[in-house]
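model30.cif follows; it contains mmCIF, C-alpha atoms and all ligand atoms.
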data_final
#
loop_
_atom_site.label_atom_id
_atom_site.label_comp_id
_atom_site.auth_asym_id
_atom_site.auth_seq_id
_atom_site.Cartn_x
_atom_site.Cartn_y
_atom_site.Cartn_z
CA MET A 1 -4.71 1.88 -33.65
CA LYS A 2 -5.15 -1.86 -33.32
CA ILE A 3 -2.11 -4.15 -32.86
CA LEU A 4 -2.21 -7.80 -33.87
CA VAL A 5 0.24 -10.06 -32.02
CA ALA A 6 0.92 -13.62 -33.24
CA VAL A 7 1.62 -16.11 -30.46
CA LYS A 8 2.71 -19.74 -30.72
CA ARG A 9 2.47 -22.52 -28.15
CA VAL A 10 5.85 -24.21 -27.92
CA VAL A 11 7.77 -26.63 -25.72
CA ASP A 12 8.84 -24.73 -22.58
CA TYR A 13 12.41 -23.41 -22.82
CA SER A 14 13.43 -25.33 -19.68
CA VAL A 15 12.48 -28.76 -21.08
CA LYS A 16 15.21 -31.04 -22.40
CA VAL A 17 13.40 -32.63 -25.31
CA ARG A 18 13.80 -36.27 -26.32
CA ILE A 19 13.79 -37.52 -29.88
CA LYS A 20 11.18 -40.14 -30.80
CA SER A 21 12.59 -43.61 -31.29
CA ASP A 22 11.64 -43.56 -35.01
CA ARG A 23 13.53 -40.22 -35.38
CA THR A 24 10.60 -38.43 -37.01
CA GLY A 25 10.47 -35.62 -34.44
CA MET A 26 10.38 -34.74 -30.75
CA ASP A 27 8.52 -36.82 -28.21
CA LEU A 28 6.03 -34.27 -26.84
CA ALA A 29 3.97 -36.63 -24.66
CA GLY A 30 3.58 -35.09 -21.19
CA VAL A 31 6.02 -32.27 -21.99
CA LYS A 32 5.47 -28.80 -20.45
CA MET A 33 4.32 -26.28 -23.09
CA SER A 34 4.39 -22.47 -22.83
CA LEU A 35 3.90 -19.27 -24.75
CA ASN A 36 6.92 -18.77 -27.05
CA PRO A 37 9.25 -16.39 -25.07
CA PHE A 38 9.70 -13.97 -28.01
CA ASP A 39 5.90 -13.80 -28.33
CA GLU A 40 5.58 -12.87 -24.64
CA ILE A 41 7.91 -9.97 -25.45
CA ALA A 42 5.70 -9.08 -28.45
CA VAL A 43 2.58 -9.06 -26.23
CA GLU A 44 4.40 -6.95 -23.62
CA GLU A 45 5.46 -4.37 -26.22
CA ALA A 46 1.90 -4.10 -27.55
CA LEU A 47 0.59 -3.66 -23.98
CA ARG A 48 3.14 -0.91 -23.31
CA LEU A 49 2.02 0.89 -26.49
CA LYS A 50 -1.56 0.61 -25.26
CA GLU A 51 -0.58 2.00 -21.85
CA LYS A 52 1.14 4.94 -23.60
CA GLY A 53 -2.08 5.64 -25.53
CA VAL A 54 -0.50 4.75 -28.92
CA CYS A 55 -2.79 1.76 -29.40
CA SER A 56 -6.42 1.14 -28.51
CA GLU A 57 -6.70 -2.66 -28.82
CA VAL A 58 -4.32 -5.62 -28.55
CA LEU A 59 -5.55 -8.64 -30.49
CA VAL A 60 -3.70 -11.94 -30.04
CA VAL A 61 -3.84 -14.71 -32.62
CA SER A 62 -2.68 -18.31 -32.64
CA ILE A 63 -2.90 -21.02 -35.27
CA GLY A 64 -2.95 -24.63 -34.17
CA ASP A 65 -4.99 -27.30 -32.39
CA THR A 66 -7.34 -26.68 -29.45
CA ALA A 67 -4.41 -26.64 -27.00
CA VAL A 68 -3.21 -23.26 -28.36
CA GLN A 69 -6.18 -21.69 -26.60
CA GLU A 70 -4.12 -22.10 -23.41
CA SER A 71 -1.46 -19.76 -24.86
CA LEU A 72 -4.13 -17.33 -25.99
CA ARG A 73 -5.59 -17.29 -22.45
CA ALA A 74 -2.07 -16.68 -21.11
CA ALA A 75 -1.73 -13.66 -23.44
CA LEU A 76 -5.20 -12.42 -22.40
CA ALA A 77 -4.13 -12.77 -18.75
CA LEU A 78 -1.12 -10.56 -19.46
CA GLY A 79 -3.54 -7.87 -20.69
CA ALA A 80 -4.46 -8.49 -24.35
CA ASP A 81 -8.06 -7.50 -25.13
CA ARG A 82 -9.26 -10.20 -27.49
CA ALA A 83 -8.10 -13.46 -29.07
CA ILE A 84 -8.59 -15.33 -32.34
CA HIS A 85 -7.85 -19.03 -32.61
CA VAL A 86 -7.40 -20.37 -36.15
CA LYS A 87 -8.09 -24.03 -35.55
CA THR A 88 -6.20 -26.73 -37.45
CA GLU A 89 -4.95 -30.22 -36.72
CA LEU A 90 -2.17 -29.79 -39.31
CA GLU A 91 1.41 -29.07 -38.27
CA THR A 92 1.87 -25.29 -38.67
CA GLN A 93 4.72 -24.00 -40.81
CA PRO A 94 5.82 -20.39 -41.54
CA LEU A 95 4.26 -19.95 -45.00
CA GLY A 96 0.85 -21.28 -43.94
CA VAL A 97 0.94 -19.19 -40.74
CA ALA A 98 1.96 -16.06 -42.71
CA LYS A 99 -0.95 -16.63 -45.16
CA ALA A 100 -3.42 -17.05 -42.29
CA LEU A 101 -2.08 -13.91 -40.59
CA LYS A 102 -2.39 -11.98 -43.87
CA ALA A 103 -6.05 -13.03 -44.14
CA LEU A 104 -6.60 -11.93 -40.53
CA VAL A 105 -4.91 -8.59 -41.21
CA GLU A 106 -7.33 -8.04 -44.10
CA LYS A 107 -10.28 -8.96 -41.84
CA GLU A 108 -9.19 -7.04 -38.72
CA THR A 109 -7.22 -4.12 -40.30
CA PRO A 110 -4.57 -3.65 -37.58
CA GLN A 111 -1.91 -1.01 -38.29
CA LEU A 112 0.86 -3.00 -36.70
CA VAL A 113 1.62 -6.73 -36.50
CA VAL A 114 4.14 -7.88 -33.91
CA LEU A 115 5.61 -11.39 -33.93
CA GLY A 116 8.48 -13.09 -32.14
CA LYS A 117 11.72 -13.21 -34.14
CA GLN A 118 11.51 -17.00 -33.95
CA ALA A 119 9.57 -19.82 -32.39
CA ILE A 120 11.94 -21.72 -30.09
CA ASP A 121 10.64 -25.12 -31.17
CA ASP A 122 11.42 -25.10 -34.92
CA ASP A 123 13.69 -22.00 -34.94
CA PHE A 124 12.45 -21.10 -38.42
CA ASN A 125 12.75 -17.32 -38.05
CA GLN A 126 10.66 -16.83 -41.21
CA THR A 127 7.05 -16.00 -40.42
CA GLY A 128 7.40 -12.23 -39.85
CA GLN A 129 9.50 -11.80 -42.98
CA MET A 130 7.03 -13.82 -45.10
CA LEU A 131 4.07 -11.87 -43.72
CA SER A 132 5.73 -8.56 -44.53
CA ALA A 133 6.35 -9.75 -48.12
CA LEU A 134 2.77 -11.03 -48.54
CA LEU A 135 1.30 -7.77 -47.20
CA LYS A 136 3.90 -5.60 -48.98
CA TRP A 137 4.39 -3.80 -45.65
CA PRO A 138 7.79 -2.62 -44.32
CA GLN A 139 9.43 -4.85 -41.72
CA GLY A 140 11.66 -4.31 -38.71
CA THR A 141 13.11 -7.63 -37.58
CA PHE A 142 14.95 -8.50 -34.32
CA ILE A 143 14.04 -5.16 -32.76
CA SER A 144 15.48 -4.21 -29.39
CA SER A 145 13.87 -0.78 -29.07
CA LEU A 146 10.75 0.84 -30.51
CA THR A 147 9.21 4.30 -30.66
CA ILE A 148 6.10 5.28 -32.60
CA GLU A 149 5.28 8.91 -33.26
CA GLY A 150 2.26 9.69 -35.40
CA GLN A 151 2.48 7.43 -38.43
CA GLU A 152 6.21 6.81 -38.10
CA ILE A 153 8.08 3.96 -36.44
CA GLN A 154 11.66 4.10 -35.26
CA ALA A 155 13.05 0.66 -34.51
CA VAL A 156 16.51 -0.38 -33.40
CA ARG A 157 17.66 -3.78 -34.70
CA GLU A 158 20.37 -6.02 -33.33
CA VAL A 159 22.70 -6.91 -36.21
CA ASP A 160 26.13 -8.58 -36.24
CA GLY A 161 28.00 -5.28 -36.45
CA GLY A 162 26.03 -3.54 -33.67
CA LEU A 163 22.75 -1.67 -33.62
CA GLU A 164 20.92 -0.48 -36.73
CA THR A 165 18.19 2.18 -36.45
CA LEU A 166 15.37 2.05 -38.99
CA LYS A 167 12.58 4.47 -39.74
CA MET A 168 9.44 3.21 -41.45
CA PRO A 169 5.82 4.24 -41.91
CA LEU A 170 2.82 2.40 -40.49
CA PRO A 171 1.37 -0.10 -41.28
CA ALA A 172 4.30 -2.41 -40.60
CA VAL A 173 5.44 -5.82 -39.37
CA LEU A 174 7.87 -6.04 -36.43
CA THR A 175 9.61 -9.02 -34.88
CA THR A 176 10.98 -8.91 -31.33
CA ASP A 177 14.42 -9.67 -29.94
CA LEU A 178 15.17 -10.60 -26.32
CA ARG A 179 16.33 -7.17 -25.15
CA LEU A 180 13.18 -5.28 -26.28
CA ASN A 181 11.57 -5.53 -22.84
CA GLN A 182 11.08 -7.65 -19.74
CA PRO A 183 7.59 -9.19 -19.92
CA ARG A 184 5.30 -8.80 -16.90
CA TYR A 185 3.80 -11.69 -14.94
CA ALA A 186 0.06 -12.28 -15.06
CA SER A 187 -1.62 -11.55 -11.71
CA LEU A 188 -4.18 -13.97 -10.30
CA PRO A 189 -7.13 -11.54 -10.78
CA ASN A 190 -6.04 -11.01 -14.41
CA ILE A 191 -5.84 -14.78 -14.96
CA MET A 192 -9.44 -15.01 -13.72
CA LYS A 193 -10.54 -12.02 -15.85
CA ALA A 194 -8.93 -13.57 -18.95
CA ARG A 195 -11.51 -16.37 -18.86
CA GLN A 196 -14.23 -13.83 -19.66
CA LYS A 197 -12.39 -12.12 -22.52
CA PRO A 198 -13.63 -12.85 -26.06
CA MET A 199 -12.00 -15.64 -28.07
CA GLU A 200 -13.20 -16.16 -31.65
CA ILE A 201 -12.59 -19.54 -33.27
CA LEU A 202 -12.06 -19.65 -37.04
CA THR A 203 -10.84 -22.26 -39.52
CA ALA A 204 -8.40 -21.96 -42.40
CA ASN A 205 -11.36 -22.55 -44.76
CA MET A 206 -13.22 -19.59 -43.31
CA LEU A 207 -10.14 -17.45 -44.03
CA GLY A 208 -9.71 -19.00 -47.50
CA VAL A 209 -6.15 -20.20 -46.80
CA ASP A 210 -4.42 -23.53 -47.24
CA LEU A 211 -2.34 -24.60 -44.24
CA THR A 212 -1.00 -27.80 -45.82
CA PRO A 213 2.66 -28.13 -44.75
CA HIS A 214 5.19 -27.72 -47.58
CA LEU A 215 8.22 -28.98 -45.68
CA GLN A 216 8.73 -32.61 -44.79
CA THR A 217 11.00 -33.64 -41.92
CA LEU A 218 13.15 -36.53 -43.12
CA LYS A 219 15.05 -37.24 -39.92
CA VAL A 220 15.75 -35.70 -36.52
CA ALA A 221 19.01 -36.62 -34.78
CA GLU A 222 20.81 -35.64 -31.57
CA PRO A 223 23.92 -33.47 -32.04
CA PRO A 224 27.14 -35.51 -31.53
CA PRO A 225 28.17 -35.58 -27.86
CA ARG A 226 30.77 -32.93 -26.95
CA LYS A 227 34.16 -34.06 -25.76
CA PRO A 228 34.65 -33.22 -22.06
CA GLY A 229 36.76 -30.11 -21.30
CA LEU A 230 40.12 -30.30 -19.50
CA LYS A 231 42.18 -28.14 -17.15
CA VAL A 232 45.74 -27.20 -18.06
CA GLU A 233 48.55 -26.54 -15.59
CA SER A 234 49.76 -23.19 -16.90
CA VAL A 235 49.25 -20.47 -19.48
CA ASP A 236 52.18 -21.89 -21.47
CA ALA A 237 50.50 -25.30 -21.58
CA LEU A 238 47.29 -23.60 -22.75
CA LEU A 239 49.14 -21.70 -25.50
CA ASP A 240 50.87 -24.88 -26.57
CA ARG A 241 47.57 -26.74 -26.89
CA LEU A 242 45.97 -23.83 -28.72
CA ARG A 243 48.89 -23.73 -31.16
CA HIS A 244 49.10 -27.44 -31.83
CA GLU A 245 45.70 -28.95 -31.12
CA ALA A 246 42.97 -26.30 -31.48
CA LYS A 247 41.06 -26.47 -34.76
CA VAL A 248 38.85 -23.89 -36.42
CA ILE A 249 35.46 -25.56 -36.73
P1 LIG A 301 9.02 -18.89 -36.85
O1 LIG A 301 9.12 -18.18 -38.17
O2 LIG A 301 8.29 -20.22 -36.93
O3 LIG A 301 10.35 -19.01 -36.13
O4 LIG A 301 8.05 -18.01 -35.91
C1 LIG A 301 8.24 -16.61 -35.76
C2 LIG A 301 7.04 -16.01 -35.09
O5 LIG A 301 5.86 -16.24 -35.89
C3 LIG A 301 6.66 -16.59 -33.72
O6 LIG A 301 7.44 -16.01 -32.69
C4 LIG A 301 5.18 -16.19 -33.63
O7 LIG A 301 5.06 -14.80 -33.31
C5 LIG A 301 4.71 -16.39 -35.07
N1 LIG A 301 4.15 -17.76 -35.26
C6 LIG A 301 4.79 -18.86 -35.72
N2 LIG A 301 3.95 -19.92 -35.72
C7 LIG A 301 2.76 -19.48 -35.25
C8 LIG A 301 1.48 -20.08 -35.01
N3 LIG A 301 1.25 -21.38 -35.26
N4 LIG A 301 0.48 -19.31 -34.52
C9 LIG A 301 0.70 -17.99 -34.27
N5 LIG A 301 1.88 -17.37 -34.48
C10 LIG A 301 2.89 -18.09 -34.96
#
Can you give me the file's structure in the form of structure tokens?
Ligand code: AMP
Amino acid sequence: MKILVAVKRVVDYSVKVRIKSDRTGMDLAGVKMSLNPFDEIAVEEALRLKEKGVCSEVLVVSIGDTAVQESLRAALALGADRAIHVKTELETQPLGVAKALKALVEKETPQLVVLGKQAIDDDFNQTGQMLSALLKWPQGTFISSLTIEGQEIQAVREVDGGLETLKMPLPAVLTTDLRLNQPRYASLPNIMKARQKPMEILTANMLGVDLTPHLQTLKVAEPPPRKPGLKVESVDALLDRLRHEAKVI
């Protein structure tokens, strides 16, 4: 079985982003970019399935400008077999990405697509769900544990009330949560080897999809500054403040 993993290049989680002075978005000049952390977990899970003999090929895909090839190389260095870059200069949004992934699924016929539950730049948390609807495949979102036996998937999801266990047939779409696994680090020899692995470059036109963004950002603003915390003298003083000053937000 072939697994397709979608990976996005995003601002590194450790960067404190600044808003552009015209408030149209983030100022990304000179900012450190990385593979989306949930997508690293998706790659790791696909690699573990390959190591268990459940899967024969891990294909990683990214949609974006030329710079996303860096993220694809990072995924290849972790152990993915092959990469596809869908090249576009347009800002990528969930519906366009889901349509491009659907076209790639039709071209590549994987049995499983694994995505991150969300990209940490826009926090949309939509692409996996949209892809599952477009393909009419079952979905397991926010999964924290996965087993595949034959043609059946068992996935545990993290929901507000606890853990929900789902059973579904292949082919399917899964999205990863943080606790699914601990991704490996790429070794230096694997980073070198990744340079030789195949990377195909396609365009949206070649896939017959339209990546024109449908959402327009009107304004980006900083959250209001938080009031500083304070120390109270005693438990009674704390209770008094909670009773008389604390508000439910
Ligand atoms: P989102 O719905 O934007 O929060 O993204 C959820 C997941 O969709 C990400 O973790 C990726 O696995 C995938 N994804 C989103 N945007 C892209 C992109 N431009 N290229 C490849 N995969 C993407």
Shell around Val159 (chain A) at 10 Å using only C-alpha atoms, local window under 5 positions removed, as a PyMOL selection string
chain A and resi 141-143+164
Using 6 Å as the limit and counting all atoms listed in the file, can you tabulate each residue of chain A that touches ligand LIG 301 (chain A), with its shortest atom-to-atom distance in Å and the two atoms involved, as JSON lines?
{"residue": "A:Ala6", "atom": "CA", "partner": "A:LIG301", "partner_atom": "N5", "distance": 4.1}
{"residue": "A:Val7", "atom": "CA", "partner": "A:LIG301", "partner_atom": "N5", "distance": 4.2}
{"residue": "A:Lys8", "atom": "CA", "partner": "A:LIG301", "partner_atom": "N4", "distance": 4.4}
{"residue": "A:Phe38", "atom": "CA", "partner": "A:LIG301", "partner_atom": "O6", "distance": 5.6}
{"residue": "A:Asp39", "atom": "CA", "partner": "A:LIG301", "partner_atom": "O6", "distance": 5.1}
{"residue": "A:Val61", "atom": "CA", "partner": "A:LIG301", "partner_atom": "C9", "distance": 5.8}
{"residue": "A:Ser62", "atom": "CA", "partner": "A:LIG301", "partner_atom": "C9", "distance": 3.8}
{"residue": "A:Ile63", "atom": "CA", "partner": "A:LIG301", "partner_atom": "N4", "distance": 3.9}
{"residue": "A:Gly64", "atom": "CA", "partner": "A:LIG301", "partner_atom": "N3", "distance": 5.4}
{"residue": "A:Thr92", "atom": "CA", "partner": "A:LIG301", "partner_atom": "N3", "distance": 5.2}
{"residue": "A:Pro94", "atom": "CA", "partner": "A:LIG301", "partner_atom": "O1", "distance": 5.2}
{"residue": "A:Val97", "atom": "CA", "partner": "A:LIG301", "partner_atom": "C7", "distance": 5.8}
{"residue": "A:Leu115", "atom": "CA", "partner": "A:LIG301", "partner_atom": "O7", "distance": 3.5}
{"residue": "A:Gly116", "atom": "CA", "partner": "A:LIG301", "partner_atom": "O6", "distance": 3.1}
{"residue": "A:Lys117", "atom": "CA", "partner": "A:LIG301", "partner_atom": "C1", "distance": 5.1}
{"residue": "A:Gln118", "atom": "CA", "partner": "A:LIG301", "partner_atom": "O3", "distance": 3.2}
{"residue": "A:Ala119", "atom": "CA", "partner": "A:LIG301", "partner_atom": "O3", "distance": 3.9}
{"residue": "A:Asp123", "atom": "CA", "partner": "A:LIG301", "partner_atom": "O3", "distance": 4.6}
{"residue": "A:Phe124", "atom": "CA", "partner": "A:LIG301", "partner_atom": "O3", "distance": 3.7}
{"residue": "A:Asn125", "atom": "CA", "partner": "A:LIG301", "partner_atom": "O3", "distance": 3.5}
{"residue": "A:Gln126", "atom": "CA", "partner": "A:LIG301", "partner_atom": "O1", "distance": 3.7}
{"residue": "A:Thr127", "atom": "CA", "partner": "A:LIG301", "partner_atom": "O1", "distance": 3.8}
{"residue": "A:Gly128", "atom": "CA", "partner": "A:LIG301", "partner_atom": "O5", "distance": 5.8}
Open item on the list: Using only C-alpha atoms, list the residues that have an atom at most 12 Å from (1.9, -1.9, -43.2), coordinates as in the file, as a ChimeraX atom specification.
Closed with: /A:3-4,102,105-106,109-114,131-140,151-153,168-174
Students should find that CA of Thr88 (chain A) and CA of Met192 (chain A) are spaced 26.7 Å
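For the atom pair formed by CA of Gly229 (chain A) and CA of Ile19 (chain A), the distance is 25.6 Å, given to one decimal.
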Can you list, as a count of residues only, every protein, DNA or RNA residue that comes within 8 Å of Pro198 (chain A) when you count only C-alpha atoms, leaving out same-chain residues fewer than 4 positions away? 3
Is it possible to get the residues within 10 Å of (8.9, -27.6, -30.1) (coordinates as in the file, counting all atoms listed in the file) written as a ChimeraX atom specification? /A:9-13,15,17,25-28,31,33-34,36,119-123
CA of Ser21 (chain A) to CA of Thr66 (chain A) measures 26.2 Å
Leu178 (chain A) proximity check over A:Val60, A:Ile41, A:Met1, A:Leu104, using only C-alpha atoms: winner is A:Ile41
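Of the residues under consideration (A:Ile148, A:Ala98, A:Val5, A:Ala80), A:Ile148 shows the shortest atom-to-atom contact distance to Lys52 (chain A) when counting all atoms listed in the file.
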Of the candidates A:Ala221, A:Ala246, A:Ala100, A:Leu78, which shows the shortest atom-to-atom distance to Arg18 (chain A), using only C-alpha atoms?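 Checking each of A:Ala221, A:Ala246, A:Ala100, A:Leu78 against Arg18 (chain A), counting only C-alpha atoms, the winner is A:Ala221.
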Nearest to Lys197 (chain A), restricted to all atoms listed in the file and choosing among A:Leu72, A:Leu218, A:Gln154, A:Val86, comes out as A:Leu72
Contact residues around Ala103 (chain A) with all atoms listed in the file at 9 Å, ignoring same-chain residues under 5 positions, as number ranges by chain = A: 98, 108, 207-209
Using only C-alpha atoms, the best pick from A:Lys87, A:Lys16, A:Lys32, A:Arg73 as closest to Ile201 (chain A) would be A:Lys87
Within 8 Å of Leu180 (chain A) using only C-alpha atoms, minus same-chain residues under 2 positions, as number ranges by chain | A: 41, 45, 143-146, 176-178, 182
Restricting to all atoms listed in the file, whichever of A:Asp65, A:His244, A:Pro189, A:Leu166 is closest to Leu90 (chain A) is A:Asp65
Reconstruct N, CA, C and O atoms of region 130-155 of chain A; output as a PDB file, in the coordinates of the input.
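Resulting contents of out.pdb:
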ATOM      1  N   MET A 130       7.969 -13.393 -44.054  1.00  0.00           N
ATOM      2  CA  MET A 130       7.030 -13.820 -45.100  1.00  0.00           C
ATOM      3  C   MET A 130       5.757 -12.965 -45.061  1.00  0.00           C
ATOM      4  O   MET A 130       5.235 -12.571 -46.101  1.00  0.00           O
ATOM      5  N   LEU A 131       5.285 -12.683 -43.852  1.00  0.00           N
ATOM      6  CA  LEU A 131       4.070 -11.870 -43.720  1.00  0.00           C
ATOM      7  C   LEU A 131       4.289 -10.481 -44.305  1.00  0.00           C
ATOM      8  O   LEU A 131       3.438  -9.958 -45.046  1.00  0.00           O
ATOM      9  N   SER A 132       5.445  -9.902 -44.013  1.00  0.00           N
ATOM     10  CA  SER A 132       5.730  -8.560 -44.530  1.00  0.00           C
ATOM     11  C   SER A 132       5.746  -8.583 -46.063  1.00  0.00           C
ATOM     12  O   SER A 132       5.207  -7.684 -46.720  1.00  0.00           O
ATOM     13  N   ALA A 133       6.310  -9.646 -46.648  1.00  0.00           N
ATOM     14  CA  ALA A 133       6.350  -9.750 -48.120  1.00  0.00           C
ATOM     15  C   ALA A 133       4.942  -9.928 -48.679  1.00  0.00           C
ATOM     16  O   ALA A 133       4.580  -9.300 -49.681  1.00  0.00           O
ATOM     17  N   LEU A 134       4.131 -10.782 -48.028  1.00  0.00           N
ATOM     18  CA  LEU A 134       2.770 -11.030 -48.540  1.00  0.00           C
ATOM     19  C   LEU A 134       1.919  -9.757 -48.463  1.00  0.00           C
ATOM     20  O   LEU A 134       1.110  -9.478 -49.348  1.00  0.00           O
ATOM     21  N   LEU A 135       2.111  -8.987 -47.375  1.00  0.00           N
ATOM     22  CA  LEU A 135       1.300  -7.770 -47.200  1.00  0.00           C
ATOM     23  C   LEU A 135       1.873  -6.578 -47.971  1.00  0.00           C
ATOM     24  O   LEU A 135       1.216  -5.552 -48.114  1.00  0.00           O
ATOM     25  N   LYS A 136       3.146  -6.724 -48.385  1.00  0.00           N
ATOM     26  CA  LYS A 136       3.900  -5.600 -48.980  1.00  0.00           C
ATOM     27  C   LYS A 136       3.997  -4.440 -47.980  1.00  0.00           C
ATOM     28  O   LYS A 136       3.864  -3.272 -48.328  1.00  0.00           O
ATOM     29  N   TRP A 137       4.202  -4.786 -46.716  1.00  0.00           N
ATOM     30  CA  TRP A 137       4.390  -3.800 -45.650  1.00  0.00           C
ATOM     31  C   TRP A 137       5.886  -3.790 -45.279  1.00  0.00           C
ATOM     32  O   TRP A 137       6.552  -4.824 -45.373  1.00  0.00           O
ATOM     33  N   PRO A 138       6.394  -2.631 -44.793  1.00  0.00           N
ATOM     34  CA  PRO A 138       7.790  -2.620 -44.320  1.00  0.00           C
ATOM     35  C   PRO A 138       7.955  -3.517 -43.092  1.00  0.00           C
ATOM     36  O   PRO A 138       6.986  -3.766 -42.372  1.00  0.00           O
ATOM     37  N   GLN A 139       9.189  -3.991 -42.885  1.00  0.00           N
ATOM     38  CA  GLN A 139       9.430  -4.850 -41.720  1.00  0.00           C
ATOM     39  C   GLN A 139      10.627  -4.365 -40.910  1.00  0.00           C
ATOM     40  O   GLN A 139      11.600  -3.864 -41.466  1.00  0.00           O
ATOM     41  N   GLY A 140      10.522  -4.540 -39.602  1.00  0.00           N
ATOM     42  CA  GLY A 140      11.660  -4.310 -38.710  1.00  0.00           C
ATOM     43  C   GLY A 140      11.837  -5.605 -37.942  1.00  0.00           C
ATOM     44  O   GLY A 140      10.980  -5.972 -37.139  1.00  0.00           O
ATOM     45  N   THR A 141      12.936  -6.319 -38.225  1.00  0.00           N
ATOM     46  CA  THR A 141      13.110  -7.630 -37.580  1.00  0.00           C
ATOM     47  C   THR A 141      14.135  -7.522 -36.451  1.00  0.00           C
ATOM     48  O   THR A 141      14.997  -6.648 -36.467  1.00  0.00           O
ATOM     49  N   PHE A 142      14.022  -8.420 -35.471  1.00  0.00           N
ATOM     50  CA  PHE A 142      14.950  -8.500 -34.320  1.00  0.00           C
ATOM     51  C   PHE A 142      15.042  -7.160 -33.591  1.00  0.00           C
ATOM     52  O   PHE A 142      16.128  -6.703 -33.279  1.00  0.00           O
ATOM     53  N   ILE A 143      13.916  -6.514 -33.323  1.00  0.00           N
ATOM     54  CA  ILE A 143      14.040  -5.160 -32.760  1.00  0.00           C
ATOM     55  C   ILE A 143      14.310  -5.212 -31.253  1.00  0.00           C
ATOM     56  O   ILE A 143      13.782  -6.055 -30.532  1.00  0.00           O
ATOM     57  N   SER A 144      15.158  -4.266 -30.815  1.00  0.00           N
ATOM     58  CA  SER A 144      15.480  -4.210 -29.390  1.00  0.00           C
ATOM     59  C   SER A 144      15.022  -2.899 -28.776  1.00  0.00           C
ATOM     60  O   SER A 144      15.216  -2.669 -27.583  1.00  0.00           O
ATOM     61  N   SER A 145      14.440  -2.021 -29.604  1.00  0.00           N
ATOM     62  CA  SER A 145      13.870  -0.780 -29.070  1.00  0.00           C
ATOM     63  C   SER A 145      12.881  -0.239 -30.105  1.00  0.00           C
ATOM     64  O   SER A 145      13.063  -0.437 -31.307  1.00  0.00           O
ATOM     65  N   LEU A 146      11.819   0.390 -29.608  1.00  0.00           N
ATOM     66  CA  LEU A 146      10.750   0.840 -30.510  1.00  0.00           C
ATOM     67  C   LEU A 146      10.156   2.149 -30.040  1.00  0.00           C
ATOM     68  O   LEU A 146       9.853   2.306 -28.858  1.00  0.00           O
ATOM     69  N   THR A 147      10.002   3.097 -30.967  1.00  0.00           N
ATOM     70  CA  THR A 147       9.210   4.300 -30.660  1.00  0.00           C
ATOM     71  C   THR A 147       8.285   4.549 -31.849  1.00  0.00           C
ATOM     72  O   THR A 147       8.673   4.334 -33.005  1.00  0.00           O
ATOM     73  N   ILE A 148       7.059   4.963 -31.535  1.00  0.00           N
ATOM     74  CA  ILE A 148       6.100   5.280 -32.600  1.00  0.00           C
ATOM     75  C   ILE A 148       5.616   6.707 -32.346  1.00  0.00           C
ATOM     76  O   ILE A 148       5.130   7.028 -31.255  1.00  0.00           O
ATOM     77  N   GLU A 149       5.802   7.539 -33.351  1.00  0.00           N
ATOM     78  CA  GLU A 149       5.280   8.910 -33.260  1.00  0.00           C
ATOM     79  C   GLU A 149       4.450   9.186 -34.488  1.00  0.00           C
ATOM     80  O   GLU A 149       4.955   9.084 -35.608  1.00  0.00           O
ATOM     81  N   GLY A 150       3.169   9.478 -34.265  1.00  0.00           N
ATOM     82  CA  GLY A 150       2.260   9.690 -35.400  1.00  0.00           C
ATOM     83  C   GLY A 150       2.218   8.428 -36.244  1.00  0.00           C
ATOM     84  O   GLY A 150       1.989   7.332 -35.728  1.00  0.00           O
ATOM     85  N   GLN A 151       2.543   8.575 -37.517  1.00  0.00           N
ATOM     86  CA  GLN A 151       2.480   7.430 -38.430  1.00  0.00           C
ATOM     87  C   GLN A 151       3.870   6.859 -38.686  1.00  0.00           C
ATOM     88  O   GLN A 151       4.062   6.094 -39.619  1.00  0.00           O
ATOM     89  N   GLU A 152       4.841   7.246 -37.827  1.00  0.00           N
ATOM     90  CA  GLU A 152       6.210   6.810 -38.100  1.00  0.00           C
ATOM     91  C   GLU A 152       6.785   5.959 -36.971  1.00  0.00           C
ATOM     92  O   GLU A 152       6.641   6.277 -35.795  1.00  0.00           O
ATOM     93  N   ILE A 153       7.444   4.875 -37.411  1.00  0.00           N
ATOM     94  CA  ILE A 153       8.080   3.960 -36.440  1.00  0.00           C
ATOM     95  C   ILE A 153       9.579   4.185 -36.487  1.00  0.00           C
ATOM     96  O   ILE A 153      10.154   4.325 -37.571  1.00  0.00           O
ATOM     97  N   GLN A 154      10.200   4.179 -35.309  1.00  0.00           N
ATOM     98  CA  GLN A 154      11.660   4.100 -35.260  1.00  0.00           C
ATOM     99  C   GLN A 154      11.999   2.835 -34.490  1.00  0.00           C
ATOM    100  O   GLN A 154      11.560   2.664 -33.355  1.00  0.00           O
ATOM    101  N   ALA A 155      12.737   1.944 -35.148  1.00  0.00           N
ATOM    102  CA  ALA A 155      13.050   0.660 -34.510  1.00  0.00           C
ATOM    103  C   ALA A 155      14.550   0.428 -34.556  1.00  0.00           C
ATOM    104  O   ALA A 155      15.197   0.677 -35.576  1.00  0.00           O
TER     105      ALA A 155
END
